[in-house]
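Listing of entry.cif; format and content: mmCIF, C-alpha atoms.
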data_final
#
loop_
_atom_site.group_PDB
_atom_site.id
_atom_site.type_symbol
_atom_site.label_atom_id
_atom_site.label_comp_id
_atom_site.auth_asym_id
_atom_site.auth_seq_id
_atom_site.Cartn_x
_atom_site.Cartn_y
_atom_site.Cartn_z
ATOM 1 C CA MET A 1290 71.670 126.760 97.992
ATOM 2 C CA PHE A 1291 75.333 125.782 98.071
ATOM 3 C CA VAL A 1292 75.024 124.535 101.676
ATOM 4 C CA ALA A 1293 72.090 122.283 100.744
ATOM 5 C CA GLU A 1294 74.061 120.858 97.802
ATOM 6 C CA LEU A 1295 77.083 120.316 100.009
ATOM 7 C CA LEU A 1296 75.032 118.503 102.657
ATOM 8 C CA GLU A 1297 73.353 116.337 100.021
ATOM 9 C CA ALA A 1298 76.740 115.482 98.554
ATOM 10 C CA CYS A 1299 78.085 114.608 102.025
ATOM 11 C CA MET A 1300 75.164 112.247 102.568
ATOM 12 C CA LEU A 1301 75.803 110.632 99.190
ATOM 13 C CA VAL A 1302 79.534 110.315 99.875
ATOM 14 C CA CYS A 1303 78.812 108.563 103.171
ATOM 15 C CA PHE A 1304 76.510 106.105 101.421
ATOM 16 C CA GLY A 1305 78.892 105.871 98.488
ATOM 17 C CA LEU A 1306 81.850 104.904 100.656
ATOM 18 C CA SER A 1307 79.867 102.100 102.223
ATOM 19 C CA TRP A 1308 79.130 100.376 98.884
ATOM 20 C CA PRO A 1309 82.727 99.424 97.972
ATOM 21 C CA MET A 1310 83.271 98.183 101.527
ATOM 22 C CA ASN A 1311 80.078 96.136 101.346
ATOM 23 C CA ALA A 1312 81.025 94.697 97.940
ATOM 24 C CA TRP A 1313 84.481 93.708 99.225
ATOM 25 C CA LYS A 1314 83.041 92.072 102.330
ATOM 26 C CA ALA A 1315 80.501 90.120 100.254
ATOM 27 C CA TYR A 1316 83.193 89.118 97.755
ATOM 28 C CA LYS A 1317 85.452 87.823 100.517
ATOM 29 C CA ALA A 1318 82.542 85.976 102.157
ATOM 30 C CA GLY A 1319 81.868 84.195 98.871
ATOM 31 C CA THR A 1320 78.204 83.698 99.658
ATOM 32 C CA ALA A 1321 74.993 85.606 99.052
ATOM 33 C CA LYS A 1322 73.629 84.455 102.393
ATOM 34 C CA GLY A 1323 72.778 87.512 104.417
ATOM 35 C CA THR A 1324 72.560 89.720 101.325
ATOM 36 C CA SER A 1325 69.121 90.945 100.363
ATOM 37 C CA TRP A 1326 68.384 91.648 96.715
ATOM 38 C CA GLN A 1327 65.291 93.497 97.908
ATOM 39 C CA PHE A 1328 67.498 95.870 99.892
ATOM 40 C CA LEU A 1329 69.754 96.475 96.885
ATOM 41 C CA ALA A 1330 66.701 97.083 94.679
ATOM 42 C CA LEU A 1331 65.264 99.543 97.179
ATOM 43 C CA ILE A 1332 68.519 101.471 97.299
ATOM 44 C CA CYS A 1333 68.580 101.534 93.475
ATOM 45 C CA ALA A 1334 65.055 102.917 93.471
ATOM 46 C CA GLY A 1335 66.110 105.598 95.958
ATOM 47 C CA TYR A 1336 69.062 106.686 93.824
ATOM 48 C CA LEU A 1337 66.875 106.724 90.706
ATOM 49 C CA CYS A 1338 64.351 108.920 92.524
ATOM 50 C CA GLY A 1339 67.148 111.274 93.584
ATOM 51 C CA ILE A 1340 68.430 111.484 90.013
ATOM 52 C CA ALA A 1341 64.887 111.992 88.687
ATOM 53 C CA ALA A 1342 64.342 114.787 91.222
ATOM 54 C CA LYS A 1343 67.492 116.531 90.008
ATOM 55 C CA LEU A 1344 66.359 116.208 86.394
ATOM 56 C CA ALA A 1345 62.752 117.239 87.135
ATOM 57 C CA THR A 1346 63.809 120.394 88.955
ATOM 58 C CA GLY A 1347 66.472 121.233 86.395
ATOM 59 C CA CYS A 1348 69.028 121.270 89.191
ATOM 60 C CA LEU A 1349 71.824 119.762 87.124
ATOM 61 C CA ASN A 1350 74.826 120.394 89.311
ATOM 62 C CA TRP A 1351 77.901 118.557 90.510
ATOM 63 C CA VAL A 1352 75.869 116.608 93.091
ATOM 64 C CA LEU A 1353 74.262 114.681 90.221
ATOM 65 C CA ALA A 1354 77.700 113.236 89.436
ATOM 66 C CA VAL A 1355 77.894 111.860 92.975
ATOM 67 C CA TYR A 1356 74.585 110.039 92.394
ATOM 68 C CA PHE A 1357 76.032 108.402 89.283
ATOM 69 C CA ILE A 1358 79.249 107.412 91.073
ATOM 70 C CA ASN A 1359 77.143 105.782 93.812
ATOM 71 C CA CYS A 1360 75.135 103.928 91.155
ATOM 72 C CA ILE A 1361 78.384 102.512 89.753
ATOM 73 C CA PHE A 1362 79.412 101.247 93.179
ATOM 74 C CA LEU A 1363 75.941 99.852 93.754
ATOM 75 C CA ALA A 1364 76.160 98.059 90.394
ATOM 76 C CA LEU A 1365 79.367 96.445 91.666
ATOM 77 C CA ASN A 1366 77.373 95.104 94.614
ATOM 78 C CA TRP A 1367 74.856 93.583 92.180
ATOM 79 C CA VAL A 1368 77.721 91.893 90.282
ATOM 80 C CA VAL A 1369 79.149 90.433 93.497
ATOM 81 C CA TYR A 1370 75.663 89.351 94.591
ATOM 82 C CA ALA A 1371 75.096 87.542 91.267
ATOM 83 C CA ARG A 1372 78.523 85.888 91.533
ATOM 84 C CA ASN A 1373 77.850 84.741 95.082
ATOM 85 C CA ARG A 1374 74.372 83.437 94.215
ATOM 86 C CA LYS A 1375 75.945 81.395 91.428
ATOM 87 C CA ARG A 1376 78.545 80.028 93.845
ATOM 88 C CA ASP A 1377 75.854 79.191 96.404
ATOM 89 C CA ALA A 1378 73.825 77.354 93.773
ATOM 90 C CA ALA A 1379 76.864 75.403 92.575
ATOM 91 C CA GLU A 1380 77.800 74.503 96.136
ATOM 92 C CA MET A 1381 74.360 73.036 96.791
ATOM 93 C CA HIS A 1382 74.924 70.479 94.040
ATOM 94 C CA LEU A 1383 78.305 69.306 95.334
ATOM 95 C CA PRO A 1384 78.469 66.047 97.260
ATOM 96 C CA LEU A 1385 79.164 66.712 100.923
ATOM 97 C CA CYS A 1386 81.441 63.760 101.334
ATOM 98 C CA PRO A 1387 84.942 63.751 102.890
ATOM 99 C CA ALA A 1388 86.024 61.113 100.367
ATOM 100 C CA MET A 1389 85.263 63.573 97.576
ATOM 101 C CA GLY A 1390 87.353 66.262 99.232
ATOM 102 C CA VAL A 1391 84.336 68.338 100.200
ATOM 103 C CA VAL A 1392 83.601 68.684 103.861
ATOM 104 C CA GLU A 1393 80.401 70.190 105.160
ATOM 105 C CA GLY A 1394 81.049 73.600 106.634
ATOM 106 C CA ALA A 1395 84.448 73.931 104.948
ATOM 107 C CA HIS A 1396 85.442 77.511 104.306
ATOM 108 C CA ARG A 1397 86.066 78.578 100.718
ATOM 109 C CA SER A 1398 89.290 80.354 99.972
#
Show how you would write the structure in this file as structure tokens.
Amino acid sequence: MFVAELLEACMLVCFGLSWPMNAWKAYKAGTAKGTSWQFLALICAGYLCGIAAKLATGCLNWVLAVYFINCIFLALNWVVYARNRKRDAAEMHLPLCPAMGVVEGAHRS
């Protein structure tokens, strides 16, 4: 059983390492364009199913902690997504006029 737990943990670590990188990339981009809330929700559902499976089978081992760590990183992605959606919405209401100091297509810093 240890090998199965180890392999499951390796899979979760691979996914888990991608979430901070994704959050950083989205934060630096400053926009929610290209980010799918449906995708994030589906991943959340998958992690919840994995946690529920652990609880239902009574298999409360160290791998369960990896699920929770991944959920924390995924929550960070939701925070960045919400921030970027807010920025996108605010940007849509700005005048796109060079005289106002806002130029269409200008990159945010």
| field | Separation of CA of Gly1323 in chain A from CA of Lys1375 in chain A in Å | value |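 Going from CA of Lys1375 in chain A over to CA of Gly1323 in chain A, I get 14.7 Å.
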| request: Check which residues satisfy the PyMOL selection byres ((chain A and resi 1361) around 12) in the file shown, then give them as a list in words. | output: Gly1305, Leu1306, Trp1308, Pro1309, Ala1312, Cys1333, Tyr1336, Ala1354, Val1355, Tyr1356, Phe1357, Ile1358, Asn1359, Cys1360, Phe1362, Leu1363, Ala1364, Leu1365, Asn1366, Trp1367 and Val1368 of chain A
| task | Report the distance between CA of Leu1295 in chain A and CA of Leu1353 in chain A in Å, rounded to one decimal place. | result |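 Here the two named atoms are 11.6 Å from each other.
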| Can you tell me how far CA of Ser1325 in chain A sits from CA of Glu1380 in chain A, in Å to one decimal? |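 A separation of 19.1 Å between them.
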| message | Could you check the closest approach to Lys1317 in chain A for each of A:Met1381, A:Gly1339, A:Trp1351, A:Val1369 and tell me which residue wins, using only C-alpha atoms? | response | A:Val1369
| From the set A:Ala1379, A:Ala1371, A:Leu1296, A:Cys1348, which residue has the shortest atom-to-atom contact distance to Ala1315 in chain A, counting only C-alpha atoms? |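 Closest candidate: A:Ala1371.
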| task | Starting from the shown file, work through the PyMOL selection byres ((chain A and resi 1320) around 7) and note down what comes out as a list in words. | result |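 Against this file, the PyMOL selection byres ((chain A and resi 1320) around 7) returns the residues Ala1315, Ala1318, Gly1319, Ala1321, Lys1322, Asn1373, Arg1374, Arg1376 and Asp1377 of chain A.
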